[in-house]
Every structure is written in structure tokens, then in C-alpha cells.
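Content type compact mmCIF, C-alpha atoms and all ligand atoms, from the file query-v1.txt:
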```txt
# COMPACT_ATOMS: atom_id res chain seq x y z
CA MET M 208 26.01 -7.25 -16.22
CA THR M 209 24.21 -5.08 -18.78
CA THR M 210 21.50 -2.67 -17.86
CA SER M 211 19.21 -0.77 -20.11
CA THR M 212 15.79 0.76 -19.76
CA PRO M 213 12.82 -0.13 -21.92
CA ALA M 214 12.12 3.05 -23.82
CA SER M 215 8.47 2.64 -24.70
CA MET M 216 6.00 4.93 -22.96
CA PRO M 217 2.45 4.05 -22.09
CA THR M 218 -0.24 5.68 -24.14
CA VAL M 219 -2.86 7.86 -22.54
CA THR M 220 -6.21 6.16 -22.10
CA SER M 221 -9.43 7.97 -21.78
CA SER M 222 -12.17 6.47 -19.66
CA SER M 223 -15.47 7.71 -18.45
CA PRO M 224 -17.59 6.66 -15.52
CA ALA M 225 -19.93 3.73 -16.02
CA THR M 226 -22.60 5.34 -13.83
CA GLU M 227 -24.41 8.70 -13.66
CA THR M 228 -21.89 11.57 -13.71
CA VAL M 229 -21.88 13.47 -10.41
CA VAL M 230 -18.81 15.69 -10.94
CA GLU M 231 -17.70 17.05 -14.29
CA VAL M 232 -14.68 19.27 -14.87
CA ARG M 233 -14.09 20.72 -18.36
CA GLY M 234 -11.09 22.76 -19.50
CA LEU M 235 -10.18 23.96 -16.01
CA HIS M 236 -7.44 26.62 -16.07
CA LYS M 237 -5.99 28.50 -13.10
CA THR M 238 -2.89 30.64 -12.72
CA TYR M 239 -1.28 32.33 -9.72
CA GLY M 240 0.71 35.24 -11.13
CA ALA M 241 3.18 33.68 -13.53
CA THR M 242 2.53 30.14 -12.21
CA VAL M 243 0.14 28.01 -14.22
CA ALA M 244 -1.27 25.77 -11.47
CA VAL M 245 -3.84 24.07 -13.71
CA ALA M 246 -3.35 24.37 -17.47
CA ASP M 247 -6.20 22.29 -18.87
CA VAL M 248 -7.94 19.63 -16.79
CA SER M 249 -11.08 17.72 -17.78
CA PHE M 250 -12.57 14.59 -16.23
CA ALA M 251 -15.80 13.13 -14.91
CA VAL M 252 -16.66 11.18 -11.77
CA GLY M 253 -19.51 8.67 -11.65
CA ARG M 254 -21.83 8.07 -8.72
CA GLY M 255 -20.46 5.53 -6.26
CA GLU M 256 -16.92 5.58 -7.62
CA ILE M 257 -13.70 6.11 -5.73
CA VAL M 258 -11.64 8.18 -8.16
CA GLY M 259 -7.99 8.93 -7.40
CA ILE M 260 -6.30 12.16 -8.47
CA LEU M 261 -2.61 11.31 -8.66
CA GLY M 262 0.42 13.32 -9.60
CA PRO M 263 3.71 14.73 -8.33
CA ASN M 264 3.91 17.65 -5.92
CA GLY M 265 2.86 20.89 -7.55
CA ALA M 266 0.99 19.10 -10.37
CA GLY M 267 -2.23 21.02 -9.69
CA LYS M 268 -4.21 18.36 -7.79
CA THR M 269 -5.24 20.49 -4.82
CA THR M 270 -6.10 23.48 -7.02
CA THR M 271 -8.31 21.16 -9.09
CA VAL M 272 -10.22 19.62 -6.18
CA GLU M 273 -10.54 22.93 -4.34
CA SER M 274 -12.03 24.42 -7.52
CA ILE M 275 -14.57 21.57 -7.50
CA ALA M 276 -15.38 22.45 -3.88
CA GLY M 277 -15.77 26.12 -4.81
CA LEU M 278 -12.86 27.10 -2.58
CA ARG M 279 -10.85 28.50 -5.49
CA THR M 280 -12.02 30.43 -8.50
CA ALA M 281 -10.79 29.10 -11.82
CA ASP M 282 -9.74 31.54 -14.56
CA SER M 283 -11.63 29.51 -17.16
CA GLY M 284 -13.34 26.18 -17.64
CA THR M 285 -16.43 24.73 -16.05
CA VAL M 286 -17.13 22.65 -12.97
CA SER M 287 -20.42 20.88 -12.38
CA VAL M 288 -21.31 19.15 -9.11
CA LEU M 289 -24.64 17.35 -9.52
CA GLY M 290 -25.48 19.96 -12.13
CA LEU M 291 -24.56 22.88 -9.82
CA ASP M 292 -21.78 25.41 -10.38
CA PRO M 293 -19.73 25.74 -7.17
CA GLN M 294 -18.94 29.39 -7.97
CA HIS M 295 -22.53 30.43 -8.57
CA ASP M 296 -24.31 28.03 -6.20
CA PRO M 297 -21.92 27.67 -3.23
CA ALA M 298 -24.62 26.98 -0.61
CA PRO M 299 -26.31 24.00 -2.33
CA VAL M 300 -22.90 22.62 -3.34
CA ARG M 301 -21.80 22.72 0.30
CA GLU M 302 -24.83 20.56 1.18
CA VAL M 303 -23.88 17.79 -1.27
CA LEU M 304 -20.09 17.92 -1.19
CA GLY M 305 -17.90 17.27 1.87
CA VAL M 306 -14.24 18.24 1.89
CA GLN M 307 -11.40 16.92 4.00
CA LEU M 308 -8.60 19.31 3.31
CA GLN M 309 -4.89 18.87 3.77
CA GLU M 310 -3.73 19.53 7.34
CA SER M 311 -7.14 20.52 8.64
CA ARG M 312 -6.55 21.99 12.05
CA LEU M 313 -9.04 22.53 14.82
CA PRO M 314 -8.78 24.53 18.06
CA ALA M 315 -6.58 22.52 20.46
CA LYS M 316 -9.14 22.29 23.26
CA LEU M 317 -12.15 21.37 21.08
CA ARG M 318 -13.35 17.86 21.92
CA VAL M 319 -14.24 15.25 19.30
CA ALA M 320 -18.03 15.23 19.90
CA GLU M 321 -18.10 19.03 20.23
CA ALA M 322 -16.31 19.45 16.89
CA LEU M 323 -18.78 17.16 15.17
CA ARG M 324 -21.81 18.85 16.73
CA LEU M 325 -20.42 22.27 15.76
CA TYR M 326 -19.83 21.22 12.14
CA ALA M 327 -23.22 19.43 11.99
CA SER M 328 -24.87 22.76 12.90
CA PHE M 329 -23.60 24.25 9.61
CA TYR M 330 -25.73 21.88 7.50
CA ALA M 331 -29.41 21.53 6.73
CA HIS M 332 -29.48 17.72 6.90
CA PRO M 333 -26.45 16.62 8.91
CA LYS M 334 -25.54 13.07 9.86
CA GLU M 335 -26.01 12.12 13.47
CA PRO M 336 -22.59 12.91 15.09
CA ASP M 337 -22.78 9.77 17.28
CA GLU M 338 -23.28 7.62 14.19
CA LEU M 339 -20.09 9.05 12.66
CA ILE M 340 -18.20 8.70 15.93
CA ALA M 341 -19.06 4.99 15.91
CA LEU M 342 -18.35 4.56 12.15
CA LEU M 343 -14.94 6.16 12.53
CA GLY M 344 -13.98 4.23 15.68
CA LEU M 345 -13.78 7.35 17.85
CA ALA M 346 -16.29 6.30 20.55
CA ASP M 347 -13.72 6.16 23.33
CA LYS M 348 -12.31 9.53 22.22
CA ARG M 349 -15.55 11.49 22.03
CA ASP M 350 -14.58 13.69 25.02
CA THR M 351 -10.90 13.95 24.11
CA ALA M 352 -9.52 17.37 23.12
CA TYR M 353 -8.16 17.67 19.56
CA GLU M 354 -4.63 18.33 20.85
CA ASN M 355 -4.60 14.95 22.65
CA LEU M 356 -5.56 12.83 19.62
CA SER M 357 -2.98 10.70 17.81
CA GLY M 358 -2.21 11.42 14.14
CA GLY M 359 -4.53 8.60 13.04
CA GLN M 360 -7.34 9.80 15.29
CA LYS M 361 -7.01 13.40 14.01
CA GLN M 362 -7.18 12.02 10.49
CA ARG M 363 -10.32 10.01 11.30
CA LEU M 364 -11.90 13.09 12.86
CA SER M 365 -11.13 15.14 9.74
CA ILE M 366 -12.83 12.44 7.63
CA ALA M 367 -15.82 12.51 10.01
CA LEU M 368 -16.00 16.30 9.62
CA ALA M 369 -15.99 15.89 5.82
CA LEU M 370 -18.94 13.49 6.14
CA VAL M 371 -21.00 15.22 8.84
CA GLY M 372 -23.01 17.25 6.33
CA ASN M 373 -24.27 13.94 4.91
CA PRO M 374 -22.68 14.62 1.51
CA GLN M 375 -23.23 12.62 -1.66
CA ILE M 376 -19.63 13.34 -2.69
CA ALA M 377 -16.53 13.58 -0.47
CA ILE M 378 -13.16 15.04 -1.42
CA LEU M 379 -10.32 13.59 0.63
CA ASP M 380 -6.88 15.20 0.17
CA GLU M 381 -3.71 13.35 1.23
CA LEU M 382 -5.77 11.01 3.35
CA THR M 383 -3.00 8.93 4.91
CA THR M 384 0.02 11.21 4.80
CA GLY M 385 1.94 10.86 8.07
CA LEU M 386 0.08 7.75 9.25
CA ASP M 387 1.79 4.51 10.26
CA PRO M 388 1.13 1.39 8.12
CA GLN M 389 -1.58 0.02 10.43
CA ALA M 390 -3.43 3.35 10.64
CA ARG M 391 -3.22 3.61 6.84
CA ARG M 392 -4.79 0.17 6.38
CA GLU M 393 -7.53 1.01 8.90
CA THR M 394 -8.22 4.27 7.06
CA TRP M 395 -8.51 2.40 3.75
CA ASP M 396 -11.06 0.00 5.27
CA LEU M 397 -12.95 3.00 6.53
CA ILE M 398 -13.02 4.67 3.11
CA GLU M 399 -14.41 1.49 1.59
CA ALA M 400 -17.12 1.47 4.27
CA VAL M 401 -17.92 5.12 3.46
CA ARG M 402 -18.18 4.32 -0.25
CA ASP M 403 -20.36 1.30 0.54
CA SER M 404 -22.67 3.68 2.41
CA GLY M 405 -23.29 5.42 -0.95
CA VAL M 406 -20.80 8.32 -0.93
CA THR M 407 -18.81 9.04 -4.11
CA ILE M 408 -15.18 9.72 -3.24
CA LEU M 409 -12.57 11.87 -4.94
CA LEU M 410 -9.23 10.98 -3.38
CA VAL M 411 -6.10 13.09 -3.86
CA THR M 412 -3.01 11.04 -3.17
CA HIS M 413 0.60 10.59 -4.12
CA PHE M 414 0.66 7.02 -2.76
CA MET M 415 0.37 4.52 -5.59
CA ASP M 416 -0.37 1.61 -3.23
CA GLU M 417 -3.29 3.57 -1.82
CA ALA M 418 -4.65 4.31 -5.28
CA GLN M 419 -4.18 0.73 -6.45
CA ARG M 420 -5.95 -0.60 -3.37
CA LEU M 421 -8.86 1.86 -3.18
CA CYS M 422 -9.59 3.50 -6.52
CA ASP M 423 -11.97 2.33 -9.22
CA ARG M 424 -10.35 4.81 -11.61
CA VAL M 425 -7.36 7.10 -11.40
CA ILE M 426 -6.57 10.36 -13.12
CA ILE M 427 -2.89 11.28 -13.33
CA ILE M 428 -2.17 15.02 -13.46
CA ASP M 429 1.25 16.44 -14.28
CA ASP M 430 2.13 20.08 -14.96
CA GLY M 431 -1.53 21.06 -14.70
CA GLU M 432 -2.77 18.58 -17.32
CA VAL M 433 -4.38 15.15 -17.26
CA ILE M 434 -1.75 12.85 -18.72
CA ALA M 435 -3.55 9.52 -18.20
CA GLU M 436 -6.72 8.06 -16.82
CA GLY M 437 -8.14 4.60 -16.41
CA THR M 438 -8.54 1.83 -13.89
CA PRO M 439 -5.41 1.10 -11.83
CA THR M 440 -5.10 -2.24 -13.64
CA GLU M 441 -5.38 -0.63 -17.09
CA LEU M 442 -2.73 1.95 -16.28
CA ALA M 443 -0.43 -0.52 -14.57
CA GLY M 444 -0.58 -2.74 -17.65
CA GLN M 445 0.67 0.14 -19.78
CA GLY M 446 3.49 1.14 -17.46
CA ARG M 447 5.63 -1.79 -18.37
CA THR M 448 5.72 -3.48 -21.70
CA GLY M 449 6.82 -7.07 -21.78
CA VAL M 450 7.58 -9.44 -18.96
CA THR M 451 9.68 -8.99 -15.83
CA PHE M 452 10.78 -11.83 -13.61
CA ARG M 453 13.30 -12.50 -10.87
CA MET M 454 15.27 -15.63 -10.19
CA ARG M 455 18.15 -16.82 -8.07
CA LEU M 456 21.01 -18.71 -9.63
CA PRO M 457 22.79 -21.53 -7.82
CA GLN M 458 26.43 -20.61 -7.18
CA PRO M 459 28.19 -22.19 -10.19
CA PRO M 460 31.88 -23.19 -9.93
CA GLN M 461 32.53 -20.53 -12.59
CA PRO M 462 30.78 -17.12 -12.52
CA LEU M 463 27.96 -16.84 -15.05
CA ASP M 464 29.10 -15.41 -18.40
CA VAL M 465 26.88 -12.30 -18.60
CA THR M 466 26.77 -12.41 -22.38
CA LEU M 467 24.82 -15.66 -22.07
CA LEU M 468 21.78 -13.59 -21.05
CA SER M 469 22.45 -10.34 -22.91
CA ASP M 470 22.83 -12.26 -26.19
CA ILE M 471 19.29 -13.62 -25.95
CA PRO M 472 17.27 -11.45 -28.38
CA SER M 473 14.19 -11.24 -26.14
CA VAL M 474 16.18 -9.93 -23.12
CA VAL M 475 15.86 -6.14 -22.80
CA SER M 476 17.53 -5.57 -19.44
CA THR M 477 18.99 -7.38 -16.48
CA ARG M 478 19.83 -6.10 -13.05
CA GLU M 479 20.77 -7.50 -9.67
CA VAL M 480 18.23 -7.02 -6.90
CA GLY M 481 19.80 -8.25 -3.66
CA THR M 482 20.81 -11.83 -4.35
CA ALA M 483 18.32 -12.19 -7.20
CA LEU M 484 18.62 -11.35 -10.86
CA GLU M 485 15.76 -9.35 -12.41
CA ILE M 486 15.22 -9.73 -16.13
CA THR M 487 12.85 -7.77 -18.34
CA GLY M 488 12.14 -8.61 -21.93
CA GLY M 489 9.68 -9.63 -24.61
CA PRO M 490 6.85 -12.13 -24.30
CA THR M 491 9.13 -15.16 -24.66
CA VAL M 492 11.90 -13.95 -22.34
CA LEU M 493 11.13 -16.34 -19.50
CA PRO M 494 11.35 -19.62 -21.50
CA ASP M 495 14.25 -18.22 -23.57
CA VAL M 496 16.30 -17.54 -20.43
CA ILE M 497 15.42 -20.86 -18.79
CA ILE M 498 16.41 -22.79 -21.96
CA ALA M 499 19.68 -20.83 -22.32
CA LEU M 500 20.59 -21.51 -18.71
CA HIS M 501 19.59 -25.16 -19.05
CA SER M 502 21.93 -25.53 -22.02
CA ARG M 503 24.75 -24.66 -19.60
CA GLY M 504 23.43 -27.06 -16.98
CA ILE M 505 22.14 -24.23 -14.76
CA VAL M 506 18.76 -24.59 -13.06
CA PRO M 507 17.53 -21.32 -11.50
CA ASP M 508 15.76 -21.21 -8.13
CA GLU M 509 12.75 -19.23 -7.07
CA VAL M 510 11.63 -17.93 -10.44
CA GLN M 511 9.03 -15.26 -9.77
CA THR M 512 7.21 -13.10 -12.31
CA ILE M 513 6.62 -9.50 -11.24
CA SER M 514 3.20 -7.99 -11.93
CA PRO M 515 3.24 -4.48 -13.35
CA SER M 516 2.19 -1.85 -10.81
CA LEU M 517 0.65 1.59 -10.90
CA GLU M 518 4.02 2.87 -9.68
CA ASP M 519 5.61 1.54 -12.92
CA ALA M 520 3.01 3.48 -14.93
CA PHE M 521 3.60 6.61 -12.86
CA VAL M 522 7.36 6.45 -13.39
CA ALA M 523 6.93 5.89 -17.13
CA LEU M 524 4.49 8.80 -17.45
CA VAL M 525 5.91 11.35 -15.05
CA GLY M 526 9.59 10.47 -15.32
CA HIS M 527 10.27 9.86 -11.63
CA SER M 528 8.96 7.85 -8.69
CA SER M 529 5.75 8.93 -6.96
CA GLN M 530 7.68 9.47 -3.73
CA GLU M 531 10.39 11.61 -5.30
CA ILE M 532 9.97 15.37 -5.01
CA PRO M 533 11.23 16.94 -8.23
CA ALA M 534 13.70 19.82 -7.91
P1 LIG M 601 -0.53 19.72 -5.90
O1 LIG M 601 -1.75 19.63 -5.05
O2 LIG M 601 -0.54 18.78 -7.06
O3 LIG M 601 0.74 19.61 -5.11
P2 LIG M 601 -1.20 22.53 -6.18
O4 LIG M 601 -2.52 22.63 -6.82
O5 LIG M 601 -1.13 22.71 -4.68
O6 LIG M 601 -0.50 21.17 -6.61
O7 LIG M 601 -0.21 23.61 -6.81
C1 LIG M 601 0.00 23.73 -8.22
C2 LIG M 601 0.96 24.89 -8.45
O8 LIG M 601 0.34 26.11 -8.08
C3 LIG M 601 2.25 24.83 -7.65
O9 LIG M 601 3.28 25.35 -8.44
C4 LIG M 601 1.95 25.69 -6.46
O10 LIG M 601 3.14 26.24 -5.95
C5 LIG M 601 1.06 26.76 -7.07
N1 LIG M 601 0.09 27.29 -6.09
C6 LIG M 601 -0.89 26.57 -5.47
N2 LIG M 601 -1.61 27.38 -4.67
C7 LIG M 601 -1.07 28.62 -4.77
C8 LIG M 601 -1.40 29.89 -4.19
N3 LIG M 601 -2.42 30.03 -3.33
N4 LIG M 601 -0.63 30.93 -4.53
C9 LIG M 601 0.39 30.82 -5.40
N5 LIG M 601 0.74 29.66 -6.00
C10 LIG M 601 0.02 28.56 -5.69
```

How does this structure look as C-alpha cells?
Amino acid sequence: MTTSTPASMPTVTSSSPATETVVEVRGLHKTYGATVAVADVSFAVGRGEIVGILGPNGAGKTTTVESIAGLRTADSGTVSVLGLDPQHDPAPVREVLGVQLQESRLPAKLRVAEALRLYASFYAHPKEPDELIALLGLADKRDTAYENLSGGQKQRLSIALALVGNPQIAILDELTTGLDPQARRETWDLIEAVRDSGVTILLVTHFMDEAQRLCDRVIIIDDGEVIAEGTPTELAGQGRTGVTFRMRLPQPPQPLDVTLLSDIPSVVSTREVGTALEITGGPTVLPDVIIALHSRGIVPDEVQTISPSLEDAFVALVGHSSQEIPA
């Protein structure tokens, strides 16, 4: 069995929002001592979009979004939130931008409704806490102390707190980290409902499935720089060139001569995946393989083409899987 990796890399696309720009970041640069957290980041977010900020750990995602929220001071570059500068106009920015930060923690004894009422008191035009409690499915937990909430409920409360100021833009950081699959799906439905209510969402995530499912556009940051941006479908299409498919071969009396496949010019790589054989190659690889097998009297079962994914693009761009923490 021969294995090789397609060498071509996706090219960087540049896309801009189709609607009115509500957040604009230009040439953002931020260092901590000798560490360059953000080298040079520029992008724009349009009203009503869900934009994903993706990248490996330490890429500079949190520094970028916290600079947008005015929580960190950049060394250079500009940030505009609805035309306001978060450094110079922190109070009006706080009224239009809600932030759900990583691992937001509340006092253990604070109850759900109390927390929302407290946070609502910080804003000029807050949302009605009961409305948010209902939207986020926390009605039967309104009198429950923070310490007694499940991970999913704490997460929903932190989203509610990000929305209680009635923001036009919400920044959600590592939204579903630590949640079980069902809680993740429920959270995704919730985020779509929030967007449908008119809120623009900037979502920091290292989950490609989450980005593919939720985001209108994604921005991939690595080593403090934007290395790609586009719709999930555009980026996924660049992550893998050519065609990939899997098939199962009937057990022949003689084992398959591996050179039969590797000699086909359009085959780039083959690998075994469980009991299936995965083949990647040029545009004609599928008929070429089927015809070659047919010439030996072999009819494959369960031929299945594999759609390119955002994860493929991430691996091609960043050099490792989105779930791998680089050394
Ligand atoms: P990400 O959110 O993509 O994981 P961060 O923005 O948190 O990335 O961090 C980018 C880099 O800056 C990392 O190397 C991180 O260790 C460093 N960094 C972030 N915040 C601080 C800080 N407050 N002090 C020192 N270094 C920091």
C-alpha cells in the first residue's frame, strides 16, 4: 500500500462582509514582553453575520477579540466598533458590544435571575432578564445558585450575561468547550436564534464543526496573523485539491496487487481506513480506479465520495489538526 500526501496548499482568500461593516480591525499589533501575541491582524465584520475566529492555541484570537472589546490595549493598529474606538470611547462601546469571555465565573451563591438583574443594572437599555431566561431555556433554574448549575447551564447563563445589555454585537469565546454533544447542539441552535434576533456575532472557536455549522465567514489566525478568510465552504474547497473517495473491496481469492492502483496516473494517495480503502487523486480518479478494478473482474462495494471539510483546510494551512495542541 503506498501513501503520500498531496503537497498543494490552499491559497489565502480575502473576503469582505456583504452588509454594513459593524466591526473593523486594521493592522492590530500587540506584544507581551518578548511574545508577539498579535503581529498584524485586519478584518471586517458585517451586520447580522456570524463570523468565526479560528486558529490553534496561542494564535492570538483572544487578544484580538479582547482588543475589540476594549479589554486590552493594542500597541498599534485601529479598532472600530460601529465607528467607535473601544480605547477612547469605552462606555458607548460597552452599550453596543456584549462579551462572553472564556471561563467566566460568578460568585457561587449568586442565583441565575439575580445575576441577570445585577448585570442588567450596568446598562442604559438592558434586555428584560426574564426574556433572556426564557430565550436561554433557564426558566426552571432562575432561582438556582451558580454553583449548582450544570456546565451547559453555566454556559447558557454566560451567553445571557453577554446579551443582557441588549448589544448589537456579541463576542462569544470558546462557546462550547467542555459541553457534551447534546448541549453543544442546543447551544448552536441558541446562537442561531440570537443572530436571527438581529445580533451580529463574533465567535472564537477551535472546533471546525462548530464553525462549519454556524459561521457565515471564518477568519483563520495563526502566529498572530490572518492566514485565510472566507465562507466555510470556500475555505473547505481549498483545503483539499482533487477528489477523495472510499470504497470496500470484496475479498478476492488473491490479495489485490497494490501496484494496480498506484500505477494509475490520477491516483495521488491511498490508505486503509478500517475495512475501507480511501483514495485521493485528480478529477478522473474515481472512474479510473473503477475501470482498472473492473479490468481485473473486481467490483467495489459502498463507493462513497468524501466532501472536503473546514478541518482539511485548517490542517493544510496550519500544519496540524484543529484539536492538536502544538508543542
Ligand atoms: P489564543 O486565544 O489564540 O489561544 P491568545 O491571544 O490568548 O491566543 O495568546 C496569544 C499569545 O500571547 C500566546 O503566546 C499567549 O501565551 C500570549 N499571551 C496572551 N495573553 C497574555 C498575557 N496577559 N500576558 C502574557 N502573554 C500573554

Between M:Leu368, M:Val433, M:Ile275, M:Ala266, which has the minimum distance to ligand LIG 601 (chain M) (counting all atoms listed in the file)?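 Nearest to ligand LIG 601 (chain M): M:Ala266.
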
Could you check how far atom CA of Thr412 of chain M sits from atom CA of Lys348 of chain M, in Å to one decimal?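 So the two atoms, atom CA of Thr412 of chain M and atom CA of Lys348 of chain M, lie 27.1 Å apart.
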
Collect all residues with atoms no farther than 9 Å from ligand LIG 601 (chain M), counting only C-alpha atoms and all ligand atoms, and output them as a PyMOL selection string. chain M and resi 237-245+260-273+279+380+411-413+428-431

Measure the distance from atom CA of Arg363 of chain M to atom CA of Leu397 of chain M in Å and round it to one decimal.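 Spanning atom CA of Arg363 of chain M to atom CA of Leu397 of chain M is a straight-line distance of 8.9 Å.
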
So, counting all atoms listed in the file, which residue among M:Leu339, M:Ala352, M:Val288, M:Leu379 is closest to Ala367 of chain M?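 The answer is M:Leu339, which sits nearest to Ala367 of chain M.
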
d(atom CA of Val475 of chain M, atom CA of Val496 of chain M) in Å: 11.7 Å

Report the closest atom pair, with its distance in Å rounded to one decimal, for each residue of segment 353-439 of chain M that has an atom no farther than 12 Å from segment 509-533 of chain M; count all atoms listed in the file, sort by chain and then rising residue number, and write it as a tab-separated table.
```
residue	atom	partner	partner_atom	distance
M:Thr384	CA	M:Gln530	CA	11.6
M:Thr412	CA	M:Ser529	CA	9.8
M:His413	CA	M:Ser529	CA	6.1
M:Phe414	CA	M:Ser529	CA	6.9
M:Met415	CA	M:Glu518	CA	5.7
M:Asp416	CA	M:Leu517	CA	7.7
M:Glu417	CA	M:Leu517	CA	10.1
M:Ala418	CA	M:Leu517	CA	8.2
M:Gln419	CA	M:Leu517	CA	6.6
M:Arg420	CA	M:Leu517	CA	10.2
M:Cys422	CA	M:Leu517	CA	11.3
M:Arg424	CA	M:Leu517	CA	11.5
M:Val425	CA	M:Leu517	CA	9.7
M:Ile426	CA	M:Phe521	CA	10.8
M:Ile427	CA	M:Phe521	CA	8.0
M:Ile428	CA	M:Val525	CA	9.0
M:Asp429	CA	M:Val525	CA	6.9
M:Asp430	CA	M:Val525	CA	9.5
M:Glu432	CA	M:Val525	CA	11.5
M:Val433	CA	M:Leu524	CA	10.9
M:Ile434	CA	M:Leu524	CA	7.5
M:Ala435	CA	M:Leu524	CA	8.1
M:Glu436	CA	M:Ala520	CA	10.9
M:Gly437	CA	M:Leu517	CA	10.8
M:Thr438	CA	M:Leu517	CA	9.7
M:Pro439	CA	M:Leu517	CA	6.2
```

Among the residues M:Leu356, M:Val480, M:Val232, M:Ala327, the one that comes closest to Asn373 of chain M [using all atoms listed in the file]: M:Ala327

Here's a test: counting all atoms listed in the file, identify every protein, DNA and RNA residue with an atom at most 8 Å from (-7.1, 16.4, 15.0) in the file's coordinate frame, and state them as a PyMOL selection string. chain M and resi 311-313+353-354+356-358+360-362+364-365

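Nearest-residue note for Leu493 of chain M: choosing from M:Arg453, M:Arg478, M:Arg318, M:Arg301, the minimum distance belongs to M:Arg453, counting only C-alpha atoms.
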
Can you work out which one of M:Glu302, M:Glu227, M:Asp470, M:Asp282 has the shortest atom-to-atom distance to Glu256 of chain M, counting all atoms listed in the file? M:Glu227

Which one is closest to Gln458 of chain M: M:Ser328, M:Thr285, M:Thr487, M:Thr482? Count all atoms listed in the file.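 That would be M:Thr482, the residue with the smallest distance to Gln458 of chain M.
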
How close does segment 287-323 of chain M get to segment 330-334 of chain M? List, as JSON lines, each residue of segment 287-323 of chain M within 12 Å, its nearest atom pair and the distance in Å to one decimal, counting all atoms listed in the file.
```
{"residue": "M:Ala298", "atom": "CA", "partner": "M:Tyr330", "partner_atom": "CA", "distance": 9.6}
{"residue": "M:Pro299", "atom": "CA", "partner": "M:Ala331", "partner_atom": "CA", "distance": 9.9}
{"residue": "M:Val300", "atom": "CA", "partner": "M:Tyr330", "partner_atom": "CA", "distance": 11.2}
{"residue": "M:Arg301", "atom": "CA", "partner": "M:Tyr330", "partner_atom": "CA", "distance": 8.2}
{"residue": "M:Glu302", "atom": "CA", "partner": "M:Tyr330", "partner_atom": "CA", "distance": 6.5}
{"residue": "M:Val303", "atom": "CA", "partner": "M:Tyr330", "partner_atom": "CA", "distance": 9.9}
{"residue": "M:Leu304", "atom": "CA", "partner": "M:Tyr330", "partner_atom": "CA", "distance": 11.1}
{"residue": "M:Gly305", "atom": "CA", "partner": "M:Tyr330", "partner_atom": "CA", "distance": 10.7}
{"residue": "M:Leu323", "atom": "CA", "partner": "M:Lys334", "partner_atom": "CA", "distance": 9.5}
```
